[in-house]
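K.L.:
Take a look at work36.pdb, PDB, C-alpha atoms (C1' of nucleotides):
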MODEL        1
ATOM      1  CA  MET A   2      80.407 144.836  53.153  1.00  0.00           C
ATOM      2  CA  ASP A   3      78.161 142.037  54.459  1.00  0.00           C
ATOM      3  CA  ILE A   4      81.132 140.577  56.300  1.00  0.00           C
ATOM      4  CA  TYR A   5      81.916 143.927  57.826  1.00  0.00           C
ATOM      5  CA  ARG A   6      78.362 144.413  59.009  1.00  0.00           C
ATOM      6  CA  ALA A   7      78.292 140.905  60.462  1.00  0.00           C
ATOM      7  CA  LEU A   8      81.503 141.438  62.406  1.00  0.00           C
ATOM      8  CA  PHE A   9      80.597 144.940  63.538  1.00  0.00           C
ATOM      9  CA  GLY A  10      77.156 143.748  64.572  1.00  0.00           C
ATOM     10  CA  ARG A  11      78.710 141.036  66.688  1.00  0.00           C
ATOM     11  CA  TRP A  12      81.555 142.978  68.308  1.00  0.00           C
ATOM     12  CA  GLY A  13      81.085 146.696  67.684  1.00  0.00           C
ATOM     13  CA  PRO A  14      83.909 149.232  67.479  1.00  0.00           C
ATOM     14  CA  GLN A  15      87.388 147.968  68.390  1.00  0.00           C
ATOM     15  CA  HIS A  16      88.969 151.365  69.140  1.00  0.00           C
ATOM     16  CA  TRP A  17      92.217 150.685  67.262  1.00  0.00           C
ATOM     17  CA  TRP A  18      95.144 151.251  67.217  1.00  0.00           C
ATOM     18  CA  PRO A  19      95.981 150.481  70.856  1.00  0.00           C
ATOM     19  CA  GLY A  20      98.608 153.257  71.048  1.00  0.00           C
ATOM     20  CA  ASP A  21      98.591 157.021  71.408  1.00  0.00           C
ATOM     21  CA  THR A  22     101.036 158.804  69.122  1.00  0.00           C
ATOM     22  CA  PRO A  23     101.956 158.143  65.480  1.00  0.00           C
ATOM     23  CA  LEU A  24     105.423 157.095  66.677  1.00  0.00           C
ATOM     24  CA  GLU A  25     104.082 154.663  69.267  1.00  0.00           C
ATOM     25  CA  ILE A  26     101.762 153.165  66.658  1.00  0.00           C
ATOM     26  CA  SER A  27     104.592 152.804  64.151  1.00  0.00           C
ATOM     27  CA  VAL A  28     106.874 151.193  66.726  1.00  0.00           C
ATOM     28  CA  GLY A  29     104.052 148.842  67.711  1.00  0.00           C
ATOM     29  CA  ALA A  30     103.515 147.925  64.048  1.00  0.00           C
ATOM     30  CA  VAL A  31     107.127 146.756  63.778  1.00  0.00           C
ATOM     31  CA  LEU A  32     107.176 145.002  67.136  1.00  0.00           C
ATOM     32  CA  THR A  33     103.988 143.045  66.493  1.00  0.00           C
ATOM     33  CA  GLN A  34     105.381 141.342  63.379  1.00  0.00           C
ATOM     34  CA  ASN A  35     104.572 137.654  63.861  1.00  0.00           C
ATOM     35  CA  THR A  36     104.210 138.326  67.576  1.00  0.00           C
ATOM     36  CA  ASN A  37     101.451 138.294  70.164  1.00  0.00           C
ATOM     37  CA  TRP A  38     100.273 141.811  71.047  1.00  0.00           C
ATOM     38  CA  ARG A  39     100.584 141.115  74.792  1.00  0.00           C
ATOM     39  CA  ASN A  40     104.352 140.735  74.351  1.00  0.00           C
ATOM     40  CA  VAL A  41     104.470 143.956  72.369  1.00  0.00           C
ATOM     41  CA  GLU A  42     102.747 145.812  75.201  1.00  0.00           C
ATOM     42  CA  LYS A  43     105.516 144.761  77.558  1.00  0.00           C
ATOM     43  CA  ALA A  44     108.177 145.954  75.138  1.00  0.00           C
ATOM     44  CA  ILE A  45     106.447 149.308  74.672  1.00  0.00           C
ATOM     45  CA  ALA A  46     106.079 149.690  78.439  1.00  0.00           C
ATOM     46  CA  ASN A  47     109.847 149.157  78.726  1.00  0.00           C
ATOM     47  CA  LEU A  48     110.502 151.833  76.120  1.00  0.00           C
ATOM     48  CA  LYS A  49     108.268 154.263  77.994  1.00  0.00           C
ATOM     49  CA  LYS A  50     109.874 153.418  81.308  1.00  0.00           C
ATOM     50  CA  ASN A  51     113.266 154.242  79.819  1.00  0.00           C
ATOM     51  CA  ARG A  52     111.916 157.422  78.200  1.00  0.00           C
ATOM     52  CA  ALA A  53     112.909 155.999  74.842  1.00  0.00           C
ATOM     53  CA  LEU A  54     109.614 156.318  72.988  1.00  0.00           C
ATOM     54  CA  ASN A  55     110.578 159.402  71.022  1.00  0.00           C
ATOM     55  CA  VAL A  56     112.471 159.823  67.783  1.00  0.00           C
ATOM     56  CA  ARG A  57     115.623 161.333  69.307  1.00  0.00           C
ATOM     57  CA  ALA A  58     115.967 158.713  72.026  1.00  0.00           C
ATOM     58  CA  LEU A  59     115.462 155.881  69.559  1.00  0.00           C
ATOM     59  CA  GLU A  60     118.042 157.477  67.290  1.00  0.00           C
ATOM     60  CA  GLN A  61     120.599 157.785  70.052  1.00  0.00           C
ATOM     61  CA  ALA A  62     120.056 154.517  71.915  1.00  0.00           C
ATOM     62  CA  PRO A  63     122.686 151.856  71.173  1.00  0.00           C
ATOM     63  CA  ALA A  64     121.158 148.945  69.249  1.00  0.00           C
ATOM     64  CA  GLY A  65     122.079 146.594  72.077  1.00  0.00           C
ATOM     65  CA  LYS A  66     120.227 148.723  74.609  1.00  0.00           C
ATOM     66  CA  LEU A  67     117.221 148.956  72.342  1.00  0.00           C
ATOM     67  CA  ALA A  68     117.206 145.190  71.891  1.00  0.00           C
ATOM     68  CA  GLU A  69     117.283 144.733  75.643  1.00  0.00           C
ATOM     69  CA  TRP A  70     114.256 146.997  76.119  1.00  0.00           C
ATOM     70  CA  ILE A  71     112.160 145.303  73.432  1.00  0.00           C
ATOM     71  CA  ARG A  72     113.191 141.789  74.461  1.00  0.00           C
ATOM     72  CA  PRO A  73     109.673 140.617  75.418  1.00  0.00           C
ATOM     73  CA  ALA A  74     108.475 141.206  71.849  1.00  0.00           C
ATOM     74  CA  GLY A  75     110.771 138.488  70.506  1.00  0.00           C
ATOM     75  CA  TYR A  76     113.177 138.688  67.534  1.00  0.00           C
ATOM     76  CA  PHE A  77     114.660 141.532  69.536  1.00  0.00           C
ATOM     77  CA  ASN A  78     117.940 141.865  67.630  1.00  0.00           C
ATOM     78  CA  VAL A  79     116.151 141.947  64.293  1.00  0.00           C
ATOM     79  CA  LYS A  80     113.486 144.344  65.512  1.00  0.00           C
ATOM     80  CA  ALA A  81     116.038 146.695  67.084  1.00  0.00           C
ATOM     81  CA  LYS A  82     117.599 147.041  63.633  1.00  0.00           C
ATOM     82  CA  ARG A  83     114.187 147.548  62.070  1.00  0.00           C
ATOM     83  CA  LEU A  84     113.291 150.318  64.510  1.00  0.00           C
ATOM     84  CA  LYS A  85     116.639 151.959  63.788  1.00  0.00           C
ATOM     85  CA  ALA A  86     115.905 151.717  60.065  1.00  0.00           C
ATOM     86  CA  PHE A  87     112.480 153.299  60.554  1.00  0.00           C
ATOM     87  CA  ILE A  88     113.955 156.152  62.583  1.00  0.00           C
ATOM     88  CA  GLY A  89     116.536 156.587  59.813  1.00  0.00           C
ATOM     89  CA  THR A  90     113.711 157.002  57.329  1.00  0.00           C
ATOM     90  CA  VAL A  91     112.009 159.560  59.564  1.00  0.00           C
ATOM     91  CA  ARG A  92     115.291 161.459  59.789  1.00  0.00           C
ATOM     92  CA  GLU A  93     116.036 161.398  56.079  1.00  0.00           C
ATOM     93  CA  THR A  94     112.569 162.253  54.831  1.00  0.00           C
ATOM     94  CA  SER A  95     111.215 164.411  57.601  1.00  0.00           C
ATOM     95  CA  GLY A  96     114.031 165.783  59.750  1.00  0.00           C
ATOM     96  CA  TYR A  97     113.244 163.625  62.750  1.00  0.00           C
ATOM     97  CA  THR A  98     109.636 164.688  63.075  1.00  0.00           C
ATOM     98  CA  MET A  99     106.634 162.450  62.640  1.00  0.00           C
ATOM     99  CA  SER A 100     104.436 165.504  62.135  1.00  0.00           C
ATOM    100  CA  ARG A 101     106.424 166.484  59.047  1.00  0.00           C
ATOM    101  CA  MET A 102     106.253 162.900  57.817  1.00  0.00           C
ATOM    102  CA  ALA A 103     102.484 163.230  58.062  1.00  0.00           C
ATOM    103  CA  GLY A 104     102.656 165.814  55.299  1.00  0.00           C
ATOM    104  CA  ILE A 105     103.815 163.298  52.704  1.00  0.00           C
ATOM    105  CA  GLU A 106     101.238 162.127  50.170  1.00  0.00           C
ATOM    106  CA  THR A 107      99.953 158.579  50.735  1.00  0.00           C
ATOM    107  CA  GLY A 108     101.393 156.836  47.667  1.00  0.00           C
ATOM    108  CA  GLU A 109     104.778 158.460  48.163  1.00  0.00           C
ATOM    109  CA  LEU A 110     104.761 157.680  51.880  1.00  0.00           C
ATOM    110  CA  ARG A 111     103.932 154.028  51.204  1.00  0.00           C
ATOM    111  CA  ARG A 112     106.841 153.813  48.768  1.00  0.00           C
ATOM    112  CA  ILE A 113     109.176 155.378  51.329  1.00  0.00           C
ATOM    113  CA  LEU A 114     108.051 152.983  54.066  1.00  0.00           C
ATOM    114  CA  LEU A 115     108.469 149.949  51.807  1.00  0.00           C
ATOM    115  CA  GLU A 116     112.011 151.023  50.959  1.00  0.00           C
ATOM    116  CA  THR A 117     112.832 150.835  54.658  1.00  0.00           C
ATOM    117  CA  SER A 118     114.471 147.567  55.636  1.00  0.00           C
ATOM    118  CA  GLY A 119     112.166 145.630  57.919  1.00  0.00           C
ATOM    119  CA  ILE A 120     108.970 147.260  56.729  1.00  0.00           C
ATOM    120  CA  GLY A 121     106.943 145.107  54.353  1.00  0.00           C
ATOM    121  CA  PRO A 122     103.437 145.608  52.993  1.00  0.00           C
ATOM    122  CA  GLU A 123     101.503 144.826  56.153  1.00  0.00           C
ATOM    123  CA  THR A 124     103.654 146.956  58.430  1.00  0.00           C
ATOM    124  CA  ALA A 125     103.655 149.821  55.921  1.00  0.00           C
ATOM    125  CA  ASP A 126      99.888 149.719  55.552  1.00  0.00           C
ATOM    126  CA  SER A 127      99.362 149.475  59.308  1.00  0.00           C
ATOM    127  CA  ILE A 128     101.455 152.604  59.769  1.00  0.00           C
ATOM    128  CA  LEU A 129      99.621 154.379  56.939  1.00  0.00           C
ATOM    129  CA  LEU A 130      96.187 153.482  58.295  1.00  0.00           C
ATOM    130  CA  TYR A 131      96.638 153.745  62.025  1.00  0.00           C
ATOM    131  CA  ALA A 132      99.482 156.237  62.504  1.00  0.00           C
ATOM    132  CA  PHE A 133      98.764 158.520  59.536  1.00  0.00           C
ATOM    133  CA  GLU A 134      95.032 157.874  59.146  1.00  0.00           C
ATOM    134  CA  ARG A 135      95.159 157.133  55.422  1.00  0.00           C
ATOM    135  CA  PRO A 136      92.410 155.052  53.782  1.00  0.00           C
ATOM    136  CA  VAL A 137      94.486 151.915  53.224  1.00  0.00           C
ATOM    137  CA  PHE A 138      93.359 148.331  53.768  1.00  0.00           C
ATOM    138  CA  VAL A 139      95.677 146.200  55.909  1.00  0.00           C
ATOM    139  CA  VAL A 140      96.011 142.543  54.888  1.00  0.00           C
ATOM    140  CA  ASP A 141      97.367 140.207  57.543  1.00  0.00           C
ATOM    141  CA  ALA A 142      97.558 136.479  58.234  1.00  0.00           C
ATOM    142  CA  TYR A 143      94.043 136.464  59.696  1.00  0.00           C
ATOM    143  CA  THR A 144      92.626 138.214  56.635  1.00  0.00           C
ATOM    144  CA  ARG A 145      94.185 135.656  54.317  1.00  0.00           C
ATOM    145  CA  ARG A 146      93.084 132.781  56.528  1.00  0.00           C
ATOM    146  CA  MET A 147      89.512 133.995  56.706  1.00  0.00           C
ATOM    147  CA  LEU A 148      89.299 134.321  52.930  1.00  0.00           C
ATOM    148  CA  THR A 149      91.014 131.059  52.022  1.00  0.00           C
ATOM    149  CA  ARG A 150      89.166 128.906  54.545  1.00  0.00           C
ATOM    150  CA  HIS A 151      85.842 130.080  53.224  1.00  0.00           C
ATOM    151  CA  HIS A 152      87.151 129.592  49.671  1.00  0.00           C
ATOM    152  CA  TRP A 153      86.568 133.234  48.853  1.00  0.00           C
ATOM    153  CA  ILE A 154      90.020 133.574  47.311  1.00  0.00           C
ATOM    154  CA  ALA A 155      92.704 131.274  45.911  1.00  0.00           C
ATOM    155  CA  GLN A 156      95.430 130.008  48.249  1.00  0.00           C
ATOM    156  CA  ASN A 157      98.108 131.797  46.250  1.00  0.00           C
ATOM    157  CA  ALA A 158      96.410 135.217  46.015  1.00  0.00           C
ATOM    158  CA  SER A 159      98.914 138.038  46.446  1.00  0.00           C
ATOM    159  CA  TYR A 160      98.827 140.779  49.072  1.00  0.00           C
ATOM    160  CA  ALA A 161      97.734 143.244  46.419  1.00  0.00           C
ATOM    161  CA  ASP A 162      94.999 140.894  45.173  1.00  0.00           C
ATOM    162  CA  ILE A 163      93.526 140.649  48.645  1.00  0.00           C
ATOM    163  CA  ALA A 164      93.746 144.355  49.377  1.00  0.00           C
ATOM    164  CA  GLU A 165      92.046 145.082  46.056  1.00  0.00           C
ATOM    165  CA  LEU A 166      89.210 142.728  46.904  1.00  0.00           C
ATOM    166  CA  PHE A 167      88.323 144.965  49.830  1.00  0.00           C
ATOM    167  CA  THR A 168      89.101 148.373  48.377  1.00  0.00           C
ATOM    168  CA  ASP A 169      87.029 147.639  45.258  1.00  0.00           C
ATOM    169  CA  ALA A 170      84.026 146.645  47.360  1.00  0.00           C
ATOM    170  CA  LEU A 171      84.132 149.342  50.014  1.00  0.00           C
ATOM    171  CA  PRO A 172      83.850 153.114  50.254  1.00  0.00           C
ATOM    172  CA  ASN A 173      87.306 154.650  50.590  1.00  0.00           C
ATOM    173  CA  LYS A 174      86.973 155.644  54.252  1.00  0.00           C
ATOM    174  CA  THR A 175      89.780 155.550  56.822  1.00  0.00           C
ATOM    175  CA  GLN A 176      87.447 154.815  59.724  1.00  0.00           C
ATOM    176  CA  LEU A 177      85.859 151.892  57.877  1.00  0.00           C
ATOM    177  CA  PHE A 178      89.234 150.344  57.048  1.00  0.00           C
ATOM    178  CA  ASN A 179      90.334 150.927  60.627  1.00  0.00           C
ATOM    179  CA  GLU A 180      87.409 149.013  62.118  1.00  0.00           C
ATOM    180  CA  TYR A 181      87.341 146.322  59.450  1.00  0.00           C
ATOM    181  CA  HIS A 182      90.919 145.217  59.937  1.00  0.00           C
ATOM    182  CA  ALA A 183      90.581 145.331  63.721  1.00  0.00           C
ATOM    183  CA  LEU A 184      87.411 143.213  63.518  1.00  0.00           C
ATOM    184  CA  ILE A 185      89.133 140.628  61.312  1.00  0.00           C
ATOM    185  CA  VAL A 186      91.902 140.357  63.905  1.00  0.00           C
ATOM    186  CA  LYS A 187      89.242 139.968  66.608  1.00  0.00           C
ATOM    187  CA  LEU A 188      87.606 137.175  64.608  1.00  0.00           C
ATOM    188  CA  GLY A 189      90.980 135.582  64.038  1.00  0.00           C
ATOM    189  CA  LYS A 190      91.960 135.631  67.687  1.00  0.00           C
ATOM    190  CA  GLU A 191      88.630 134.106  68.673  1.00  0.00           C
ATOM    191  CA  HIS A 192      88.114 131.544  65.918  1.00  0.00           C
ATOM    192  CA  CYS A 193      90.902 131.176  63.327  1.00  0.00           C
ATOM    193  CA  LYS A 194      93.890 129.564  64.997  1.00  0.00           C
ATOM    194  CA  LYS A 195      96.556 128.517  62.548  1.00  0.00           C
ATOM    195  CA  ASN A 196      96.131 124.788  62.657  1.00  0.00           C
ATOM    196  CA  ALA A 197      92.445 124.606  63.456  1.00  0.00           C
ATOM    197  CA  ARG A 198      90.004 123.851  60.701  1.00  0.00           C
ATOM    198  CA  CYS A 199      87.168 126.182  59.972  1.00  0.00           C
ATOM    199  CA  GLU A 200      84.164 124.140  61.098  1.00  0.00           C
ATOM    200  CA  GLY A 201      83.652 126.145  64.255  1.00  0.00           C
ATOM    201  CA  CYS A 202      83.794 129.497  62.489  1.00  0.00           C
ATOM    202  CA  PRO A 203      80.640 131.432  63.314  1.00  0.00           C
ATOM    203  CA  LEU A 204      81.032 133.930  60.499  1.00  0.00           C
ATOM    204  CA  GLU A 205      78.810 132.253  57.924  1.00  0.00           C
ATOM    205  CA  LYS A 206      75.860 132.053  60.251  1.00  0.00           C
ATOM    206  CA  TRP A 207      76.163 135.783  60.923  1.00  0.00           C
ATOM    207  CA  LEU A 208      76.009 136.632  57.227  1.00  0.00           C
ATOM    208  CA  PRO A 209      72.709 137.440  55.543  1.00  0.00           C
ATOM    209  CA  ALA A 210      71.303 134.459  53.620  1.00  0.00           C
TER     210      ALA A 210
ATOM    211  C1'  DG B  26     106.700 120.049  75.360  1.00  0.00           C
ATOM    212  C1'  DA B  27     104.406 121.476  71.140  1.00  0.00           C
ATOM    213  C1'  DC B  28     102.087 125.046  69.100  1.00  0.00           C
ATOM    214  C1'  DC B  29     101.064 129.715  68.171  1.00  0.00           C
ATOM    215  C1'  DA B  30     101.355 134.898  67.618  1.00  0.00           C
ATOM    216  C1'  DG B  31      98.467 141.396  63.885  1.00  0.00           C
ATOM    217  C1'  DG B  32     106.210 139.504  59.124  1.00  0.00           C
ATOM    218  C1'  DC B  33     110.280 140.280  56.833  1.00  0.00           C
ATOM    219  C1'  DA B  34     114.825 139.669  54.593  1.00  0.00           C
ATOM    220  C1'  DC B  35     117.792 136.733  52.550  1.00  0.00           C
ATOM    221  C1'  DA B  36     119.606 132.410  50.421  1.00  0.00           C
ATOM    222  C1'  DT B  37     118.946 128.985  47.167  1.00  0.00           C
ATOM    223  C1'  DC B  38     117.082 126.510  43.411  1.00  0.00           C
TER     224       DC B  38
ATOM    225  C1'  DG C  21     109.229 133.520  40.684  1.00  0.00           C
ATOM    226  C1'  DA C  22     108.443 130.025  44.070  1.00  0.00           C
ATOM    227  C1'  DT C  23     110.050 127.909  48.226  1.00  0.00           C
ATOM    228  C1'  DG C  24     112.723 127.434  52.597  1.00  0.00           C
ATOM    229  C1'  DT C  25     114.906 129.304  56.724  1.00  0.00           C
ATOM    230  C1'  DG C  26     116.376 132.294  60.656  1.00  0.00           C
ATOM    231  C1'  DC C  27     114.820 135.334  63.907  1.00  0.00           C
ATOM    232  C1'  DA C  28     112.846 134.591  69.911  1.00  0.00           C
ATOM    233  C1'  DT C  29     109.724 135.709  73.629  1.00  0.00           C
ATOM    234  C1'  DG C  30     105.717 134.372  76.461  1.00  0.00           C
ATOM    235  C1'  DG C  31     100.928 132.369  76.796  1.00  0.00           C
ATOM    236  C1'  DT C  32      97.895 128.173  76.188  1.00  0.00           C
TER     237       DT C  32
ENDMDL
END
Is it possible to express this structure as structure tokens?
P.N.:
Amino acid sequence: MDIYRALFGRWGPQHWWPGDTPLEISVGAVLTQNTNWRNVEKAIANLKKNRALNVRALEQAPAGKLAEWIRPAGYFNVKAKRLKAFIGTVRETSGYTMSRMAGIETGELRRILLETSGIGPETADSILLYAFERPVFVVDAYTRRMLTRHHWIAQNASYADIAELFTDALPNKTQLFNEYHALIVKLGKEHCKKNARCEGCPLEKWLPA
DNA sequence: GACCAGGCACATC
DNA sequence: GATGTGCATGGT
């Protein structure tokens, strides 16, 4: 909680997710896998331009066409398949409608998302938190890096270990998890590049003594 | 030109 | 169960 207060005190609310509808957020969650968000924005703009950012259009678009539209996001052939797989899950569980999908209970919905090819724990939790507003903590590369570089967790801690660290220490509030993850990404983008060491990290000096 | 970015599936040992 | 590899664009 101290870390959260330090980050929030420094940067304030991050207004995540940068996307409007549950579908746009879910698509963004897949496209941003190991990819800079700026490239994802271009891909999403292409989908909008081609009126493809709806469940039916994504269902009907040929995979090759889809890949062409999302090209700027990288891994475009892989991600086209992953978007198709996600739409398939929406069809099978919810009859093509995101609003019906929103009626599924959180644990069940997480299981369903994880069964979808191309959706792993981070993508599933991002969709749960930001598209469906469930109180779920998202663990990403920045989260792990922040914790390991400050020696707050072991190098080999699992996704579940890290998520538990936060959920055990925090009130179970969607808005809190929303801001916290976004703030960790902000910190990461500013200070935690992959191959940089941690000396310049300002976090410790923001924490209470 | 090297390095990096809000992962994941799959092969291999 | 751990470890390695392919996937690919665009910015610094």
K.L.:
Can you spell out as JSON, numbers by chain the set of residues that the PyMOL selection byres ((chain B) within 9 of (chain A)) selects in the structure I just provided?
P.N.:
{"B": [28, 29, 30, 31, 32, 33, 34]}
K.L.:
So which residues get picked by the PyMOL selection byres ((chain A) within 6 of (chain C)) here, written as an mmCIF file with C-alpha atoms, in the frame of the given file?
P.N.:
data_model
loop_
_atom_site.group_PDB
_atom_site.id
_atom_site.type_symbol
_atom_site.label_atom_id
_atom_site.label_comp_id
_atom_site.auth_asym_id
_atom_site.auth_seq_id
_atom_site.Cartn_x
_atom_site.Cartn_y
_atom_site.Cartn_z
ATOM 1 C CA PRO A 73 109.673 140.617 75.418
ATOM 2 C CA ALA A 74 108.475 141.206 71.849
ATOM 3 C CA GLY A 75 110.771 138.488 70.506
ATOM 4 C CA TYR A 76 113.177 138.688 67.534
#
K.L.:
Tell me, as a list in words, which residues lie within 7 Å of range 7-24 of chain A, counting all atoms listed in the file; anything in the same chain fewer than 4 positions away does not count.
P.N.:
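In the requested form, the answer reads Asp3, Val28, Met99, Tyr131, Ala132, Phe133, Asn179, Glu180, Ala183, Leu184, Trp207 and Leu208 of chain A.
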K.L.:
For this structure, which residues satisfy the selection - the PyMOL selection byres ((chain A and resi 65) around 10) - when it is evaluated on the file as given? I want them as a CSV table (one decimal) with C-alpha atoms, keeping the file's coordinate frame.
P.N.:
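Result file expr27.csv:
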chain,number,residue,atom,x,y,z
A,62,ALA,CA,120.1,154.5,71.9
A,63,PRO,CA,122.7,151.9,71.2
A,64,ALA,CA,121.2,148.9,69.2
A,66,LYS,CA,120.2,148.7,74.6
A,67,LEU,CA,117.2,149.0,72.3
A,68,ALA,CA,117.2,145.2,71.9
A,69,GLU,CA,117.3,144.7,75.6
A,70,TRP,CA,114.3,147.0,76.1
A,77,PHE,CA,114.7,141.5,69.5
A,78,ASN,CA,117.9,141.9,67.6
A,81,ALA,CA,116.0,146.7,67.1
A,82,LYS,CA,117.6,147.0,63.6
K.L.:
Quick one, how far is CA of Leu54 in chain A from CA of Glu93 in chain A?
P.N.:
18.8 Å
K.L.:
Report, in Å to a single decimal, how far apart CA of Glu60 in chain A and CA of Tyr97 in chain A are.
P.N.:
9.0 Å
K.L.:
Work out how far apart CA of Ile88 in chain A and CA of Ala164 in chain A are and give it in Å to one decimal.
P.N.:
26.9 Å
K.L.:
Hey, which of A:Gln176, A:Thr117, A:Thr107, A:Ser159 ends up closest to Thr90 in chain A? Count only C-alpha atoms.
P.N.:
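Ranking A:Gln176, A:Thr117, A:Thr107, A:Ser159 by distance to Thr90 in chain A, first place goes to A:Thr117.
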